[in-house]
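Before any comments, here is the structure.
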Amino acid sequence: MDIKSLDIFCEIIDNFGDIGVVYRLAKELKNLYGDRVEIRVFLNRVDEFISINKKAKLVEYQEIDGIIYITNEYLAKNICTFSPANVIIEAFGCNILEEYLERAKVESSLLINLEYLSGEDWIEDIHLMESPLGAPKLKKYFFMPGFTEKTGGVIVDSLFLDRKKSVLKNKDVYLNKYIPEIEKEDYFIGTIFSYEKNFLPLLDVLIENKRKNCLLILGKKSQTSIKSIIQDLDGVTSKDDIYQYRNIMFKFMPFLEQEEYEELINLVDYNFVRGEDSFVRALLTGKPFIWHIYLQDEMAHMDKIEGFVGKYRDTLEKVGLKGALDTHIELLRDYNLRDSNSLELGKESFDNFFKKFEEISKLSQNYSEYIELKCNLIDKLNEFILKY
């Protein structure tokens with residue numbers, strides 16, 4: 001099918017994950033299609049978008065880098081002037097304005113229901129399955145992101161890969177940009193972007209490694225968690241947003257736009273990440289990672305953890321570093337084994353993770369290469385649209 005126009009719908013609920021994915025998707029599709037395809041993104045609100053994109057404004061209609069961003073309220077008020085795109089992406093089962101959808105059933109060709117990322121086996125059976133609309137023209141299909149070739153993959157965007165290369169080639173420049181305080185000394189650097197968590201077990205291990213450690217703390221939940229812990233420790237010194245405790249320097253980072261965050265996670269040695277979009281970015285860095293998955297009722301999030309670690313093991317068993325692989329998988333399970341987000345001590349231990357850090361680094365690099373080559377959502381999505 002010849003794609004002429006593309007509309008993406010996103011409903012922001014309570015965090016930056018959904019808009020983060022949609023913003024990335026829109027940018028990469030614009031990079032792929034250029035000016036020959038008009039791309040519009042419809043949002044229920046723009047507050048979170050403003051936070052991750054410094055060019056965005058608190059307005060109902062705006063164009064940024066060739067992509068048009070429109071609020072649902074503006075669409076509703078001006079629906080009589082809107083023609084639906086011939087390809088529509090409904091992100092994460094969001095609601096589309098009924099008047100728009102009724103017109104799309106007659107005028108549009110393809111509606112793609114882009115679902116949340118999952119490693120569970122059943123998504124392979126659902127991926128690209130039709131969801132009948134009973135429309136004269138419009139057809140709807142499920143597109144299931146995942147970690148195997150039989151799924152929709154994850155967003156592997158060229159803009160991220162270019163940014164990654166730039167950081168690796170010019171590390172001193174980016175160190176000076178984000179952590180000028182370390183003055184190019186040999187620090188062991190990690191980022192922490194998590195939900196509420198007690199990080200005392202992590203601090204204990206870093207103290208024992210006898211190295212100069214730097215932790216870059218991102219997001220209110222991470223910063224609140226760390227502050228609540230270090231305020232009770234003896235010997236902590238501070239200046240502005242930098243705290244020092246023994247051989248660990250904590251830097252509380254300002255809110256970064258999406259592109260800045262991508263630079264930072266490629267700069268450091270390891271990353272603690274949360275949610276979906278940041279998790280996938282961490283995978284693509286090829287650096288050791290700890291994933292804090294979004295908490296679900298009745299521990300349903302652990303099914304998703306098990307789904308991912310199963311695919312992770314299947315892909316990396318051939319590398320041969322079984323001890324390191326077992327260690328990483330055990331930590332991912334223990335770190336997420338919770339029925340609430342709190343500062344209670346969890347089951348996780350970081351001892352073996354850092355003892356086997358070099359081996360886990362090799363596993364992470366191998367997995368990054370696999371994702372890039374075999375699970376590229378942009379390629380899979382484009383191929384499906386063109387063949388439709």
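Here's how to read the names in the structure tokens: chain A, B, ... by the order shown, residue numbers from 1 in each chain, ligand numbers from 1 in the order shown.
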Determine which residues of region 34-89 of chain A DSSP labels as alpha helix (DSSP H) from the backbone of this structure, then write them out as a list of chain:residue names.
A:Asp47, A:Glu48, A:Phe49, A:Ile50, A:Ser51, A:Ile52, A:Asn72, A:Glu73, A:Tyr74, A:Leu75, A:Ala76, A:Lys77
Keeping only N, CA and C atoms, take the residues you just selected and write them out as a tab-separated table (two decimals), in the first residue's frame.
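Done, and the output landed in result.tsv:
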```tsv
chain	number	residue	atom	x	y	z
A	47	ASP	N	1.24	18.21	28.54
A	47	ASP	CA	2.13	18.55	29.65
A	47	ASP	C	3.39	17.67	29.66
A	48	GLU	N	3.21	16.36	29.58
A	48	GLU	CA	4.35	15.45	29.60
A	48	GLU	C	5.21	15.59	28.34
A	49	PHE	N	4.57	15.90	27.23
A	49	PHE	CA	5.30	16.09	25.99
A	49	PHE	C	6.24	17.29	26.10
A	50	ILE	N	5.77	18.33	26.73
A	50	ILE	CA	6.60	19.53	26.94
A	50	ILE	C	7.85	19.18	27.75
A	51	SER	N	7.70	18.27	28.70
A	51	SER	CA	8.81	17.90	29.56
A	51	SER	C	9.91	17.16	28.80
A	52	ILE	N	9.53	16.33	27.83
A	52	ILE	CA	10.55	15.54	27.12
A	52	ILE	C	11.01	16.18	25.82
A	72	ASN	N	-6.64	16.26	21.51
A	72	ASN	CA	-7.95	15.68	21.21
A	72	ASN	C	-9.05	16.74	21.29
A	73	GLU	N	-8.87	17.68	22.19
A	73	GLU	CA	-9.86	18.76	22.33
A	73	GLU	C	-9.94	19.59	21.06
A	74	TYR	N	-8.78	19.89	20.48
A	74	TYR	CA	-8.76	20.65	19.23
A	74	TYR	C	-9.40	19.84	18.11
A	75	LEU	N	-9.10	18.56	18.06
A	75	LEU	CA	-9.70	17.69	17.04
A	75	LEU	C	-11.22	17.69	17.17
A	76	ALA	N	-11.71	17.57	18.39
A	76	ALA	CA	-13.16	17.52	18.60
A	76	ALA	C	-13.83	18.82	18.15
A	77	LYS	N	-13.19	19.95	18.43
A	77	LYS	CA	-13.78	21.24	18.07
A	77	LYS	C	-13.73	21.50	16.57
```
Excluding same-chain residues fewer than 3 positions from Lys311 (chain A), what lies within 8 Å of it counting only C-alpha atoms, as a PyMOL selection string?
chain A and resi 119+147-148+307-308+314-315
Report the distance between CA of Asn176 (chain A) and CA of Ile248 (chain A) in Å, rounded to one decimal place.
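Separation between CA of Asn176 (chain A) and CA of Ile248 (chain A): 18.8 Å.
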Contact table region 45-88 of chain A vs region 94-108 of chain A, cut-off 8 Å, shortest pair per residue, only C-alpha atoms, as JSON lines:
```
{"residue": "A:Asn72", "atom": "CA", "partner": "A:Leu97", "partner_atom": "CA", "distance": 7.5}
{"residue": "A:Ala76", "atom": "CA", "partner": "A:Leu97", "partner_atom": "CA", "distance": 7.2}
{"residue": "A:Ile79", "atom": "CA", "partner": "A:Tyr100", "partner_atom": "CA", "distance": 7.0}
{"residue": "A:Ser83", "atom": "CA", "partner": "A:Arg103", "partner_atom": "CA", "distance": 7.8}
{"residue": "A:Pro84", "atom": "CA", "partner": "A:Ala104", "partner_atom": "CA", "distance": 5.6}
{"residue": "A:Ala85", "atom": "CA", "partner": "A:Ser108", "partner_atom": "CA", "distance": 6.2}
{"residue": "A:Asn86", "atom": "CA", "partner": "A:Ser108", "partner_atom": "CA", "distance": 4.2}
{"residue": "A:Val87", "atom": "CA", "partner": "A:Ser108", "partner_atom": "CA", "distance": 6.5}
{"residue": "A:Ile88", "atom": "CA", "partner": "A:Ser108", "partner_atom": "CA", "distance": 7.9}
```
Nearest to His301 (chain A) by atom-to-atom distance, counting only C-alpha atoms, from A:Gln62, A:Asn213, A:Ser118, A:Gln365
A:Ser118
Region 221-224 of chain A: which residues within 8 Å, counting only C-alpha atoms, same-chain residues fewer than 4 positions away excluded, as a short mmCIF file (atom, residue, chain, number, x, y, z; two decimals) with C-alpha atoms, in the first residue's frame?
```cif
data_model
loop_
_atom_site.label_atom_id
_atom_site.label_comp_id
_atom_site.auth_asym_id
_atom_site.auth_seq_id
_atom_site.Cartn_x
_atom_site.Cartn_y
_atom_site.Cartn_z
CA ILE A 192 19.25 5.34 38.37
CA PHE A 193 15.79 5.96 36.94
CA SER A 194 13.36 3.86 38.96
CA TYR A 195 10.18 3.65 40.92
CA GLU A 196 10.39 3.84 44.73
CA LYS A 197 13.17 1.57 45.97
CA ILE A 217 19.82 10.05 39.87
CA SER A 228 15.36 9.34 52.12
CA PHE A 252 20.68 14.64 41.19
#
```
Among region 185-319 of chain A, which ones does DSSP place in strand (DSSP E or B), written as number ranges by chain?
A: 187-192, 212-217, 237-239, 242-245, 248-252, 270-274, 289-292
Output for the residues just chosen: C-alpha atoms as a tab-separated table (two decimals), in the first residue's frame:
```tsv
chain	number	residue	atom	x	y	z
A	187	TYR	CA	34.80	6.92	37.92
A	188	PHE	CA	32.50	3.91	37.72
A	189	ILE	CA	29.27	5.56	36.59
A	190	GLY	CA	25.65	4.43	36.67
A	191	THR	CA	22.25	6.01	36.15
A	192	ILE	CA	19.25	5.34	38.37
A	212	LYS	CA	35.27	6.10	42.74
A	213	ASN	CA	31.58	5.62	42.07
A	214	CYS	CA	29.19	8.13	40.53
A	215	LEU	CA	25.43	7.63	40.54
A	216	LEU	CA	23.32	9.94	38.38
A	217	ILE	CA	19.82	10.05	39.87
A	237	THR	CA	28.35	16.01	52.52
A	238	SER	CA	26.49	18.04	49.93
A	239	LYS	CA	26.76	21.03	47.66
A	242	ILE	CA	25.68	16.76	44.52
A	243	TYR	CA	26.08	14.53	47.57
A	244	GLN	CA	29.15	12.59	48.65
A	245	TYR	CA	29.08	9.51	50.84
A	248	ILE	CA	30.07	7.37	46.14
A	249	MET	CA	29.11	10.65	44.51
A	250	PHE	CA	25.38	11.18	43.89
A	251	LYS	CA	24.37	13.75	41.32
A	252	PHE	CA	20.68	14.64	41.19
A	270	TYR	CA	25.45	0.71	33.60
A	271	ASN	CA	21.82	1.78	33.81
A	272	PHE	CA	18.90	1.27	36.18
A	273	VAL	CA	15.75	1.93	34.16
A	274	ARG	CA	12.01	1.72	34.57
A	289	PHE	CA	21.03	-2.92	32.99
A	290	ILE	CA	18.54	-3.41	35.79
A	291	TRP	CA	14.90	-3.08	34.77
A	292	HIS	CA	12.24	-1.87	37.23
```
Residues at most 12 Å from region 2-6 of chain A, counting only C-alpha atoms, excluding those fewer than 3 positions away in the same chain, as a ChimeraX atom specification?
/A:9,25-26,29-30,32-42,67-68,83-90,104,108-112,382-388
If we count only C-alpha atoms, what is near Glu120 (chain A) at a cut-off of 12 Å, once residues fewer than 3 positions away on the same chain are taken out, given as number ranges by chain?
A: 116-117, 123-127, 144-148, 150-151, 300-312
Length of the CA of Leu128 (chain A) to CA of Phe143 (chain A) vector [Å]
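Pair CA of Leu128 (chain A) / CA of Phe143 (chain A) returns 5.4 Å.
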Which polymer residues have any atom within 6 Å of an atom of region 10-12 of chain A, counting only C-alpha atoms, with same-chain residues fewer than 4 positions away left out, as a PyMOL selection string?
chain A and resi 43-44+91+94
Find the residues near Glu369 (chain A): any atom within 12 Å, counting only C-alpha atoms, skip ones fewer than 3 places away on the same chain, and give them as a list in words.
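Listed by chain and then number, they are Val156, Leu161, Leu283, Leu284, Thr285, Gly286, Lys287, Thr315, Leu316, Lys362, Leu363, Ser364, Gln365, Asn366, Glu372, Leu373, Lys374, Cys375 and Asn376 of chain A.
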Would you mind exporting the chosen residues as a tab-separated table (two decimals), in the first residue's frame, restricted to C-alpha atoms?
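Writing done, so here's selection-v1.tsv:
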```tsv
chain	number	residue	atom	x	y	z
A	156	VAL	CA	15.30	0.55	16.95
A	161	LEU	CA	21.92	4.67	16.98
A	283	LEU	CA	18.96	-2.67	25.90
A	284	LEU	CA	20.19	-0.84	22.82
A	285	THR	CA	23.13	0.75	24.64
A	286	GLY	CA	24.66	-2.71	25.03
A	287	LYS	CA	25.51	-1.91	28.68
A	315	THR	CA	18.89	-15.66	22.87
A	316	LEU	CA	22.07	-15.58	24.96
A	362	LYS	CA	29.42	-9.06	27.00
A	363	LEU	CA	25.92	-10.51	27.32
A	364	SER	CA	24.38	-7.05	27.11
A	365	GLN	CA	26.38	-6.22	24.00
A	366	ASN	CA	25.34	-9.47	22.32
A	372	GLU	CA	19.08	-4.34	16.38
A	373	LEU	CA	19.34	-7.02	13.69
A	374	LYS	CA	16.32	-9.24	14.38
A	375	CYS	CA	13.73	-7.23	16.32
A	376	ASN	CA	13.52	-3.84	14.61
```
Which residue of A:Leu343, A:Arg45, A:Glu348, A:Asp297 approaches Leu331 (chain A) most closely, using only C-alpha atoms:
A:Glu348
Given only C-alpha atoms as the counted atoms, nearest of A:Lys165, A:Lys57, A:Arg281, A:Arg313 to Gln258 (chain A):
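Of A:Lys165, A:Lys57, A:Arg281, A:Arg313, the one nearest Gln258 (chain A) is A:Arg281, counting only C-alpha atoms.
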For Phe354 (chain A), the nearest of the candidates A:Leu203, A:Leu295, A:Leu58, A:Ile230, counting only C-alpha atoms:
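Smallest separation from Phe354 (chain A) among the options: A:Leu203.
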